[in-house]
>>> print(open('coords.json').read())   # JSON, C-alpha atoms
[["chain", "number", "residue", "atom", "x", "y", "z"],
["A", 1, "MET", "CA", 118.92, 98.86, 118.01],
["A", 2, "HIS", "CA", 118.69, 98.17, 121.73],
["A", 3, "LEU", "CA", 116.07, 95.88, 123.26],
["A", 4, "ASP", "CA", 115.36, 96.09, 126.98],
["A", 5, "GLU", "CA", 113.92, 92.75, 128.04],
["A", 6, "ASP", "CA", 112.42, 94.27, 131.20],
["A", 7, "ASP", "CA", 110.45, 96.73, 129.05],
["A", 8, "ILE", "CA", 109.32, 93.93, 126.75],
["A", 9, "LEU", "CA", 108.18, 91.81, 129.70],
["A", 10, "GLU", "CA", 106.32, 94.79, 131.17],
["A", 11, "LYS", "CA", 104.46, 95.33, 127.90],
["A", 12, "PHE", "CA", 103.83, 91.60, 127.53],
["A", 13, "ASP", "CA", 102.42, 91.33, 131.06],
["A", 14, "ALA", "CA", 100.21, 94.39, 130.56],
["A", 15, "LEU", "CA", 98.69, 92.95, 127.37],
["A", 16, "VAL", "CA", 98.04, 89.63, 129.12],
["A", 17, "ALA", "CA", 96.53, 91.38, 132.16],
["A", 18, "ASP", "CA", 93.99, 93.31, 130.08],
["A", 19, "GLY", "CA", 93.08, 90.27, 127.99],
["A", 20, "THR", "CA", 94.60, 91.59, 124.75],
["A", 21, "ALA", "CA", 97.24, 88.84, 124.63],
["A", 22, "PHE", "CA", 96.77, 85.31, 125.90],
["A", 23, "TYR", "CA", 99.28, 83.50, 128.10],
["A", 24, "GLU", "CA", 98.83, 81.01, 130.93],
["A", 25, "GLU", "CA", 101.56, 81.42, 133.54],
["A", 26, "SER", "CA", 100.46, 78.24, 135.31],
["A", 27, "ALA", "CA", 100.56, 76.08, 132.17],
["A", 28, "ARG", "CA", 101.35, 72.48, 133.04],
["A", 29, "VAL", "CA", 104.82, 71.39, 131.93],
["A", 30, "VAL", "CA", 105.39, 67.71, 131.15],
["A", 31, "ARG", "CA", 108.86, 66.34, 130.44],
["A", 32, "PHE", "CA", 109.03, 63.11, 128.47],
["A", 33, "GLU", "CA", 111.65, 60.99, 126.72],
["A", 34, "ASP", "CA", 110.87, 58.82, 123.73],
["A", 35, "GLY", "CA", 113.38, 56.89, 121.67],
["A", 36, "GLY", "CA", 116.24, 58.94, 123.10],
["A", 37, "LEU", "CA", 114.54, 62.24, 122.20],
["A", 38, "GLN", "CA", 113.60, 64.71, 124.91],
["A", 39, "PHE", "CA", 110.28, 66.54, 124.90],
["A", 40, "GLU", "CA", 108.89, 69.40, 126.94],
["A", 41, "PHE", "CA", 105.12, 69.76, 126.60],
["A", 42, "ARG", "CA", 103.32, 72.90, 127.76],
["A", 43, "VAL", "CA", 99.58, 72.44, 128.19],
["A", 44, "SER", "CA", 97.94, 75.87, 127.99],
["A", 45, "ASP", "CA", 94.29, 76.86, 127.62],
["A", 46, "ALA", "CA", 95.57, 80.22, 126.34],
["A", 47, "LEU", "CA", 96.40, 78.57, 123.02],
["A", 48, "ALA", "CA", 92.87, 77.30, 122.45],
["A", 49, "GLY", "CA", 91.86, 80.38, 120.44],
["A", 50, "LYS", "CA", 94.96, 80.42, 118.25],
["A", 51, "PRO", "CA", 94.08, 80.36, 114.53],
["A", 52, "ALA", "CA", 94.81, 77.03, 112.91],
["A", 53, "THR", "CA", 94.75, 75.63, 109.42],
["A", 54, "SER", "CA", 92.84, 72.55, 108.41],
["A", 55, "PRO", "CA", 94.93, 69.46, 107.61],
["A", 56, "THR", "CA", 93.47, 69.61, 104.08],
["A", 57, "GLN", "CA", 94.58, 73.22, 103.45],
["A", 58, "THR", "CA", 97.69, 73.86, 101.39],
["A", 59, "GLN", "CA", 97.99, 77.46, 102.61],
["A", 60, "PRO", "CA", 96.22, 79.78, 105.07],
["A", 61, "LYS", "CA", 93.43, 81.80, 103.50],
["A", 62, "GLN", "CA", 94.52, 84.85, 101.55],
["A", 63, "PRO", "CA", 93.28, 88.09, 103.18],
["A", 64, "PRO", "CA", 91.03, 90.19, 100.92],
["A", 65, "ALA", "CA", 93.12, 92.63, 98.90],
["A", 66, "SER", "CA", 90.99, 95.63, 99.83],
["A", 67, "ALA", "CA", 89.76, 94.64, 103.28],
["A", 68, "GLU", "CA", 92.51, 93.43, 105.58],
["A", 69, "PRO", "CA", 91.35, 92.71, 109.12],
["A", 70, "SER", "CA", 91.49, 95.69, 111.47],
["A", 71, "GLY", "CA", 95.01, 96.28, 112.77],
["A", 72, "CYS", "CA", 96.69, 94.47, 109.88],
["A", 73, "ARG", "CA", 99.04, 96.08, 107.43],
["A", 74, "PRO", "CA", 98.13, 95.95, 103.73],
["A", 75, "GLY", "CA", 98.43, 92.36, 102.55],
["A", 76, "SER", "CA", 98.80, 90.98, 106.07],
["A", 77, "ASP", "CA", 96.69, 88.53, 108.05],
["A", 78, "ILE", "CA", 98.46, 89.21, 111.39],
["A", 79, "ASP", "CA", 97.09, 91.96, 113.63],
["A", 80, "VAL", "CA", 100.03, 93.80, 115.21],
["A", 81, "SER", "CA", 98.15, 96.94, 116.28],
["A", 82, "GLY", "CA", 99.02, 97.50, 119.94],
["A", 83, "PHE", "CA", 101.47, 94.59, 119.93],
["A", 84, "GLU", "CA", 104.39, 96.40, 118.29],
["A", 85, "ILE", "CA", 107.67, 96.64, 120.18],
["A", 86, "THR", "CA", 110.06, 98.28, 117.72],
["A", 87, "PRO", "CA", 111.26, 98.27, 114.14],
["A", 88, "VAL", "CA", 114.29, 96.00, 113.94],
["A", 89, "SER", "CA", 115.37, 97.26, 110.54],
["A", 90, "GLU", "CA", 113.88, 98.91, 107.48],
["A", 91, "THR", "CA", 112.46, 95.50, 106.57],
["A", 92, "HIS", "CA", 111.33, 93.96, 109.88],
["A", 93, "LEU", "CA", 109.27, 94.68, 112.97],
["A", 94, "LEU", "CA", 109.34, 92.99, 116.39],
["A", 95, "ALA", "CA", 105.98, 92.45, 118.06],
["A", 96, "ILE", "CA", 104.41, 90.43, 120.86],
["A", 97, "ASN", "CA", 102.65, 87.23, 119.87],
["A", 98, "LYS", "CA", 98.95, 87.46, 120.75],
["A", 99, "PHE", "CA", 98.83, 83.73, 121.56],
["A", 100, "ALA", "CA", 101.87, 83.11, 123.70],
["A", 101, "ALA", "CA", 103.26, 79.75, 124.77],
["A", 102, "VAL", "CA", 106.14, 81.23, 126.78],
["A", 103, "ARG", "CA", 107.04, 84.56, 128.40],
["A", 104, "PRO", "CA", 107.80, 86.50, 126.30],
["A", 105, "HIS", "CA", 106.72, 85.05, 122.96],
["A", 106, "LEU", "CA", 107.57, 87.41, 120.11],
["A", 107, "LEU", "CA", 107.06, 87.72, 116.36],
["A", 108, "LEU", "CA", 109.64, 89.05, 113.93],
["A", 109, "LEU", "CA", 107.56, 90.13, 110.93],
["A", 110, "THR", "CA", 108.37, 91.68, 107.60],
["A", 111, "GLN", "CA", 107.34, 95.34, 107.40],
["A", 112, "ASP", "CA", 105.85, 94.45, 104.02],
["A", 113, "GLY", "CA", 102.57, 92.63, 104.69],
["A", 114, "PHE", "CA", 102.65, 91.03, 101.24],
["A", 115, "GLN", "CA", 105.74, 88.95, 102.03],
["A", 116, "ARG", "CA", 104.64, 85.32, 102.32],
["A", 117, "GLN", "CA", 105.29, 82.39, 104.64],
["A", 118, "TYR", "CA", 105.71, 79.96, 101.74],
["A", 119, "THR", "CA", 109.01, 81.56, 100.66],
["A", 120, "ALA", "CA", 112.53, 80.84, 101.88],
["A", 121, "LEU", "CA", 114.23, 83.15, 104.35],
["A", 122, "ASP", "CA", 116.35, 85.83, 102.71],
["A", 123, "ARG", "CA", 119.26, 87.98, 103.77],
["A", 124, "ASP", "CA", 117.00, 90.62, 105.36],
["A", 125, "ASP", "CA", 115.17, 87.99, 107.41],
["A", 126, "LEU", "CA", 118.39, 86.51, 108.72],
["A", 127, "ALA", "CA", 120.05, 89.89, 109.30],
["A", 128, "SER", "CA", 117.04, 90.98, 111.37],
["A", 129, "ALA", "CA", 117.11, 87.77, 113.42],
["A", 130, "ARG", "CA", 120.81, 88.33, 113.97],
["A", 131, "ALA", "CA", 120.11, 91.88, 115.20],
["A", 132, "VAL", "CA", 117.56, 90.56, 117.71],
["A", 133, "PHE", "CA", 120.07, 88.08, 119.10],
["A", 134, "ALA", "CA", 122.66, 90.82, 119.48],
["A", 135, "SER", "CA", 120.24, 92.97, 121.46],
["A", 136, "PHE", "CA", 119.35, 90.45, 124.17],
["A", 137, "GLN", "CA", 121.59, 89.49, 127.05],
["A", 138, "ARG", "CA", 120.17, 86.02, 127.69],
["A", 139, "PRO", "CA", 119.95, 83.33, 124.97],
["A", 140, "TYR", "CA", 116.99, 83.37, 122.58],
["A", 141, "LEU", "CA", 115.79, 81.01, 119.88],
["A", 142, "VAL", "CA", 114.31, 81.98, 116.50],
["A", 143, "PHE", "CA", 112.29, 79.55, 114.40],
["A", 144, "TYR", "CA", 110.47, 79.71, 111.08],
["A", 145, "ASN", "CA", 107.56, 77.56, 109.87],
["A", 146, "CYS", "CA", 107.60, 77.54, 106.06],
["A", 147, "ARG", "CA", 104.25, 76.57, 104.52],
["A", 148, "VAL", "CA", 101.33, 74.76, 106.12],
["A", 149, "GLU", "CA", 103.30, 71.51, 106.00],
["A", 150, "GLY", "CA", 105.90, 73.27, 108.15],
["A", 151, "GLY", "CA", 103.33, 74.27, 110.76],
["A", 152, "CYS", "CA", 102.42, 77.80, 109.67],
["A", 153, "SER", "CA", 98.91, 79.17, 110.21],
["A", 154, "ARG", "CA", 99.36, 82.75, 108.90],
["A", 155, "LEU", "CA", 100.43, 83.97, 105.46],
["A", 156, "HIS", "CA", 102.33, 87.13, 106.45],
["A", 157, "LYS", "CA", 106.00, 86.16, 106.57],
["A", 158, "HIS", "CA", 107.23, 85.98, 110.14],
["A", 159, "MET", "CA", 109.62, 84.21, 112.47],
["A", 160, "GLN", "CA", 108.93, 83.45, 116.12],
["A", 161, "VAL", "CA", 111.31, 84.45, 118.91],
["A", 162, "ILE", "CA", 111.33, 82.79, 122.34],
["A", 163, "PRO", "CA", 113.75, 82.51, 125.27],
["A", 164, "SER", "CA", 115.94, 79.48, 124.76],
["A", 165, "PRO", "CA", 115.37, 76.75, 127.37],
["A", 166, "GLU", "CA", 119.10, 76.79, 128.13],
["A", 167, "GLY", "CA", 118.47, 80.09, 129.93],
["A", 168, "ASP", "CA", 116.30, 78.36, 132.54],
["A", 169, "GLU", "CA", 117.88, 76.73, 135.56],
["A", 170, "ASP", "CA", 116.31, 73.36, 134.73],
["A", 171, "GLY", "CA", 115.87, 73.93, 130.98],
["A", 172, "MET", "CA", 116.50, 71.00, 128.69],
["A", 173, "LEU", "CA", 119.38, 70.88, 126.23],
["A", 174, "LEU", "CA", 118.02, 71.04, 122.67],
["A", 175, "TRP", "CA", 119.21, 68.23, 120.39],
["A", 176, "PRO", "CA", 121.21, 70.50, 118.02],
["A", 177, "ASP", "CA", 123.48, 71.07, 121.05],
["A", 178, "TRP", "CA", 124.06, 67.34, 121.52],
["A", 179, "ASP", "CA", 127.26, 65.77, 120.27],
["A", 180, "GLU", "CA", 127.12, 63.87, 117.01],
["A", 181, "ALA", "CA", 127.03, 60.42, 118.63],
["A", 182, "ARG", "CA", 124.03, 61.30, 120.76],
["A", 183, "ARG", "CA", 122.22, 62.81, 117.78],
["A", 184, "GLY", "CA", 122.35, 59.38, 116.18],
["A", 185, "CYS", "CA", 118.97, 58.61, 117.77],
["A", 186, "ILE", "CA", 117.19, 61.35, 115.81],
["A", 187, "PRO", "CA", 114.85, 59.46, 113.45],
["A", 188, "PHE", "CA", 114.23, 62.22, 110.88],
["A", 189, "HIS", "CA", 116.43, 64.16, 108.47],
["A", 190, "TYR", "CA", 117.85, 67.51, 109.54],
["A", 191, "PHE", "CA", 120.72, 69.67, 108.30],
["A", 192, "LEU", "CA", 122.77, 71.42, 110.94],
["A", 193, "HIS", "CA", 125.53, 74.02, 110.80],
["A", 194, "ARG", "CA", 127.42, 75.11, 113.91],
["A", 195, "PHE", "CA", 128.89, 78.59, 113.88],
["A", 196, "LYS", "CA", 132.65, 78.75, 114.31],
["A", 197, "ASP", "CA", 133.61, 79.73, 117.87],
["A", 198, "GLY", "CA", 129.91, 80.27, 118.64],
["A", 199, "ILE", "CA", 129.90, 83.57, 116.73],
["A", 200, "LEU", "CA", 127.08, 84.43, 114.33],
["A", 201, "PRO", "CA", 128.40, 84.99, 110.80],
["A", 202, "ALA", "CA", 127.76, 88.16, 108.82],
["A", 203, "PRO", "CA", 124.31, 88.27, 107.15],
["A", 204, "GLU", "CA", 125.69, 87.43, 103.71],
["A", 205, "ASP", "CA", 127.54, 84.39, 105.05],
["A", 206, "LEU", "CA", 124.58, 83.34, 107.18],
["A", 207, "SER", "CA", 122.33, 83.50, 104.11],
["A", 208, "GLU", "CA", 124.77, 81.36, 102.13],
["A", 209, "ILE", "CA", 124.89, 78.76, 104.93],
["A", 210, "TYR", "CA", 121.09, 78.62, 105.11],
["A", 211, "GLU", "CA", 120.73, 78.26, 101.34],
["A", 212, "GLY", "CA", 123.17, 75.34, 101.41],
["A", 213, "LEU", "CA", 121.21, 73.59, 104.16],
["A", 214, "LEU", "CA", 117.94, 74.22, 102.33],
["A", 215, "GLY", "CA", 119.39, 72.71, 99.17],
["A", 216, "GLN", "CA", 120.27, 69.54, 101.08],
["A", 217, "ALA", "CA", 116.76, 69.43, 102.55],
["A", 218, "GLN", "CA", 115.22, 69.73, 99.10],
["A", 219, "LYS", "CA", 117.19, 66.72, 97.88],
["A", 220, "VAL", "CA", 115.86, 64.38, 100.58],
["A", 221, "LEU", "CA", 112.31, 65.70, 100.24],
["A", 222, "HIS", "CA", 112.20, 65.05, 96.46],
["A", 223, "ARG", "CA", 109.78, 67.92, 95.99],
["A", 224, "ASP", "CA", 110.74, 70.03, 93.02],
["A", 225, "ASP", "CA", 107.35, 70.25, 91.34],
["A", 226, "ASP", "CA", 106.10, 73.42, 92.99],
["A", 227, "VAL", "CA", 109.35, 75.27, 93.70],
["A", 228, "LYS", "CA", 110.88, 75.48, 90.23],
["A", 229, "ASP", "CA", 109.85, 79.08, 89.55],
["A", 230, "GLY", "CA", 111.40, 80.31, 92.80],
["A", 231, "SER", "CA", 108.16, 81.76, 94.16],
["A", 232, "LYS", "CA", 107.88, 79.00, 96.78],
["A", 233, "ALA", "CA", 110.28, 77.06, 98.95],
["A", 234, "ILE", "CA", 109.96, 73.45, 100.03],
["A", 235, "PRO", "CA", 108.08, 72.92, 103.31],
["A", 236, "HIS", "CA", 110.64, 73.18, 106.08],
["A", 237, "ASN", "CA", 111.44, 74.51, 109.51],
["A", 238, "VAL", "CA", 114.38, 76.69, 110.44],
["A", 239, "ALA", "CA", 115.63, 77.05, 114.00],
["A", 240, "MET", "CA", 118.56, 79.23, 114.97],
["A", 241, "ASN", "CA", 120.34, 80.53, 118.02],
["A", 242, "GLN", "CA", 123.74, 82.14, 118.46],
["A", 243, "ARG", "CA", 125.59, 78.83, 118.08],
["A", 244, "TRP", "CA", 123.86, 76.99, 115.23],
["A", 245, "ILE", "CA", 121.22, 76.95, 112.52],
["A", 246, "VAL", "CA", 119.24, 73.85, 111.56],
["A", 247, "VAL", "CA", 116.90, 73.18, 108.60],
["A", 248, "ILE", "CA", 114.34, 70.37, 108.87],
["A", 249, "PRO", "CA", 112.44, 69.24, 105.75],
["A", 250, "ARG", "CA", 108.72, 68.62, 106.30],
["A", 251, "ARG", "CA", 106.21, 66.37, 104.56],
["A", 252, "LYS", "CA", 103.09, 67.55, 106.39],
["A", 253, "GLY", "CA", 101.89, 69.79, 109.19],
["A", 254, "ASP", "CA", 100.31, 67.19, 111.44],
["A", 255, "ALA", "CA", 100.27, 63.50, 112.30],
["A", 256, "ASN", "CA", 96.91, 62.00, 113.19],
["A", 257, "GLY", "CA", 95.62, 65.47, 114.08],
["A", 258, "VAL", "CA", 98.70, 66.41, 116.13],
["A", 259, "GLY", "CA", 100.08, 69.67, 114.71],
["A", 260, "VAL", "CA", 103.81, 70.36, 114.83],
["A", 261, "ASN", "CA", 105.73, 73.59, 114.25],
["A", 262, "GLY", "CA", 109.45, 74.32, 114.26],
["A", 263, "ALA", "CA", 109.69, 74.39, 118.05],
["A", 264, "GLY", "CA", 107.93, 71.03, 118.19],
["A", 265, "MET", "CA", 110.58, 69.50, 115.92],
["A", 266, "LEU", "CA", 113.13, 70.49, 118.59],
["A", 267, "GLY", "CA", 111.02, 68.82, 121.29],
["A", 268, "LEU", "CA", 109.30, 72.00, 122.55],
["A", 269, "ALA", "CA", 105.64, 71.10, 122.03],
["A", 270, "TRP", "CA", 102.76, 73.42, 122.93],
["A", 271, "VAL", "CA", 99.26, 72.00, 123.23],
["A", 272, "SER", "CA", 95.93, 73.65, 124.02],
["A", 273, "SER", "CA", 94.38, 70.81, 126.05],
["A", 274, "GLU", "CA", 95.01, 67.58, 127.90],
["A", 275, "LYS", "CA", 93.28, 65.84, 124.98],
["A", 276, "LYS", "CA", 95.94, 67.15, 122.59],
["A", 277, "LEU", "CA", 98.66, 65.93, 124.93],
["A", 278, "LYS", "CA", 97.00, 62.52, 125.03],
["A", 279, "ASP", "CA", 97.00, 62.43, 121.22],
["A", 280, "TRP", "CA", 100.76, 63.03, 121.22],
["A", 281, "MET", "CA", 101.33, 60.28, 123.75],
["A", 282, "GLU", "CA", 99.09, 57.73, 122.04],
["A", 283, "PHE", "CA", 100.80, 58.18, 118.67],
["A", 284, "GLY", "CA", 104.23, 58.43, 120.28],
["A", 285, "PRO", "CA", 106.09, 61.78, 120.32],
["A", 286, "ALA", "CA", 109.06, 60.48, 118.31],
["A", 287, "ASN", "CA", 106.68, 58.84, 115.83],
["A", 288, "VAL", "CA", 104.91, 62.18, 115.39],
["A", 289, "LEU", "CA", 108.16, 63.87, 114.36],
["A", 290, "VAL", "CA", 109.01, 61.07, 111.93],
["A", 291, "GLU", "CA", 105.54, 61.23, 110.40],
["A", 292, "VAL", "CA", 105.66, 64.99, 109.74],
["A", 293, "GLY", "CA", 109.34, 65.07, 108.80],
["A", 294, "VAL", "CA", 111.34, 62.89, 106.45],
["A", 295, "ALA", "CA", 112.24, 59.59, 108.06],
["A", 296, "ASN", "CA", 115.90, 58.78, 108.41],
["A", 297, "THR", "CA", 115.91, 55.20, 107.09],
["A", 298, "HIS", "CA", 118.74, 54.29, 109.45],
["A", 299, "ASN", "CA", 116.97, 55.57, 112.57],
["A", 300, "GLY", "CA", 113.33, 55.85, 111.41],
["A", 301, "ARG", "CA", 110.67, 54.24, 113.58],
["A", 302, "ARG", "CA", 107.73, 54.11, 111.19]]
>>> encode(input="coords.json", output="structure tokens")
Amino acid sequence: MHLDEDDILEKFDALVADGTAFYEESARVVRFEDGGLQFEFRVSDALAGKPATSPTQTQPKQPPASAEPSGCRPGSDIDVSGFEITPVSETHLLAINKFAAVRPHLLLLTQDGFQRQYTALDRDDLASARAVFASFQRPYLVFYNCRVEGGCSRLHKHMQVIPSPEGDEDGMLLWPDWDEARRGCIPFHYFLHRFKDGILPAPEDLSEIYEGLLGQAQKVLHRDDDVKDGSKAIPHNVAMNQRWIVVIPRRKGDANGVGVNGAGMLGLAWVSSEKKLKDWMEFGPANVLVEVGVANTHNGRR
């Protein structure tokens, strides 16, 4: 598989220009530091129409078995008609995200629309993410929001793919790239694995690494009640680039109405209004991450 980023950007820009996809090029960017953590907020009206789940929901609504929304594959609640870029493998498809926070903002979905966002990543998921990394020249970041408590709003299993901020001239360094001493300020539990020599392992090895991190996350979350049969995973986020993979256990999807996804747990927060930004600031960005994650008792703030 070969991905031409220029072609992807051309398609992305065309969809935005005709109003099919939503992206605000002039979104206000606010950099902020709280408790040693760095945050980059993007305030974009384009995100105002993005589907969201209620704080009281345990999962997004199941699409009707015989009447999926137009443009959705059987079992799916994500419309990819006209947004497709290319099949990545027999199991996955790369598409443009209709509600984009960055340029380009992509989705890596399972070809099977019945695969669900409350399950753990498997070998095919990770192999497909690995293939996407290998096809781009500049650095990209993949993240996964498992369950509503992890920030998901759609049921169809998918990862999100965005340019890594390290590729920008003034982009911030994400905390998994910090040295261990500096990461001591992080007030929530996370489980990080750095790839030897900065080389992505083979899919089987990558899957084994992820499963090990997920097992550690499950221990600190103390949530075995609804994952015993293997049909569900604990709420968590996964973020991965070509140098590391991190798993972050999650207790809930929002704090005081402030929703957080996997990018947000890395400090990349996307909000649809100045009011939402104000909510983050009033609660305290670091406090938000502690509230939705699992507090590190040594560094926890709340």
>>> residues_around(input="coords.json", residues="Asn145 in chain A", least_positions_apart="4", cutoff="8 Å", atoms="only C-alpha atoms", output="list in words")
Gln117, Gly150, Gly151, Cys152, Met159, His236, Asn237, Val238, Asn261 and Gly262 of chain A
>>> residues_around(input="coords.json", residues="range 80-97 of chain A", least_positions_apart="5", cutoff="8 Å", atoms="all atoms listed in the file", output="list of chain:residue names")
A:Met1, A:Ile8, A:Phe12, A:Ala21, A:Gly71, A:Cys72, A:Pro104, A:His105, A:Leu106, A:Leu107, A:Leu108, A:Leu109, A:Thr110, A:Gln111, A:Asp112, A:Asp124, A:Asp125, A:Ser128, A:Ala131, A:Val132
>>> closest_residue(input="coords.json", among="A:Gln242, A:Leu268, A:Ala181, A:Arg250", to="Gln218 in chain A", atoms="only C-alpha atoms")
A:Arg250
>>> atom_distance(input="coords.json", atom1="CA of Val29 in chain A", atom2="CA of Asn287 in chain A")
20.5 Å
>>> atom_distance(input="coords.json", atom1="CA of Glu274 in chain A", atom2="CA of Ala101 in chain A")
15.0 Å
>>> closest_residue(input="coords.json", among="A:Leu9, A:Asp179, A:Gly257, A:Asp170", to="Lys278 in chain A", atoms="all atoms listed in the file")
A:Gly257
>>> closest_residue(input="coords.json", among="A:Gly198, A:Arg28, A:Ala17, A:Ala217", to="Glu40 in chain A", atoms="all atoms listed in the file")
A:Arg28
>>> atom_distance(input="coords.json", atom1="CA of Gly184 in chain A", atom2="CA of Thr297 in chain A")
11.9 Å
>>> closest_residue(input="coords.json", among="A:Phe41, A:Tyr144, A:Phe114, A:Phe133", to="Gly75 in chain A", atoms="all atoms listed in the file")
A:Phe114
>>> closest_residue(input="coords.json", among="A:Val148, A:Leu266, A:Met172, A:Val161", to="Arg130 in chain A", atoms="all atoms listed in the file")
A:Val161
>>> closest_residue(input="coords.json", among="A:Lys98, A:Lys275, A:Arg251, A:Arg103", to="Val220 in chain A", atoms="all atoms listed in the file")
A:Arg251
>>> decode(input="coords.json", residues="range 233-249 of chain A", atoms="N, CA, C and O atoms", output="short mmCIF file (atom, residue, chain, number, x, y, z; two decimals), in the first residue's frame")
data_model
loop_
_atom_site.label_atom_id
_atom_site.label_comp_id
_atom_site.auth_asym_id
_atom_site.auth_seq_id
_atom_site.Cartn_x
_atom_site.Cartn_y
_atom_site.Cartn_z
N ALA A 233 -13.59 -4.76 26.58
CA ALA A 233 -12.34 -4.40 27.23
C ALA A 233 -12.62 -3.33 28.27
O ALA A 233 -13.69 -2.70 28.25
N ILE A 234 -11.68 -3.09 29.16
CA ILE A 234 -11.84 -1.98 30.09
C ILE A 234 -11.82 -0.67 29.31
O ILE A 234 -11.26 -0.59 28.22
N PRO A 235 -12.43 0.38 29.84
CA PRO A 235 -12.32 1.69 29.19
C PRO A 235 -10.86 2.15 29.18
O PRO A 235 -10.21 2.15 30.24
N HIS A 236 -10.37 2.50 28.03
CA HIS A 236 -8.98 2.96 27.95
C HIS A 236 -8.75 3.70 26.65
O HIS A 236 -9.56 3.64 25.72
N ASN A 237 -7.64 4.41 26.62
CA ASN A 237 -7.16 5.03 25.39
C ASN A 237 -5.85 4.37 24.99
O ASN A 237 -5.07 3.94 25.84
N VAL A 238 -5.64 4.30 23.69
CA VAL A 238 -4.36 3.87 23.14
C VAL A 238 -3.85 5.00 22.24
O VAL A 238 -4.63 5.56 21.47
N ALA A 239 -2.59 5.33 22.38
CA ALA A 239 -1.96 6.26 21.44
C ALA A 239 -0.65 5.63 21.00
O ALA A 239 0.05 4.99 21.80
N MET A 240 -0.34 5.79 19.71
CA MET A 240 0.85 5.13 19.18
C MET A 240 1.43 5.95 18.04
O MET A 240 0.70 6.54 17.23
N ASN A 241 2.76 6.02 18.02
CA ASN A 241 3.45 6.52 16.84
C ASN A 241 4.55 5.53 16.50
O ASN A 241 4.51 4.38 16.94
N GLN A 242 5.54 5.95 15.76
CA GLN A 242 6.56 5.00 15.32
C GLN A 242 7.64 4.75 16.38
O GLN A 242 8.54 3.94 16.15
N ARG A 243 7.51 5.42 17.54
CA ARG A 243 8.52 5.25 18.59
C ARG A 243 7.97 4.62 19.86
O ARG A 243 8.73 4.07 20.64
N TRP A 244 6.66 4.70 20.08
CA TRP A 244 6.11 4.22 21.34
C TRP A 244 4.62 3.92 21.20
O TRP A 244 3.96 4.36 20.26
N ILE A 245 4.13 3.18 22.20
CA ILE A 245 2.69 2.94 22.36
C ILE A 245 2.38 3.15 23.83
O ILE A 245 3.15 2.74 24.71
N VAL A 246 1.27 3.81 24.12
CA VAL A 246 0.87 4.07 25.49
C VAL A 246 -0.59 3.70 25.67
O VAL A 246 -1.42 3.91 24.78
N VAL A 247 -0.91 3.07 26.82
CA VAL A 247 -2.28 2.72 27.19
C VAL A 247 -2.63 3.50 28.46
O VAL A 247 -1.86 3.51 29.43
N ILE A 248 -3.79 4.17 28.43
CA ILE A 248 -4.23 4.99 29.55
C ILE A 248 -5.59 4.50 30.03
O ILE A 248 -6.57 4.59 29.28
N PRO A 249 -5.68 3.96 31.24
CA PRO A 249 -6.98 3.52 31.75
C PRO A 249 -7.88 4.72 32.02
O PRO A 249 -7.43 5.78 32.44
#
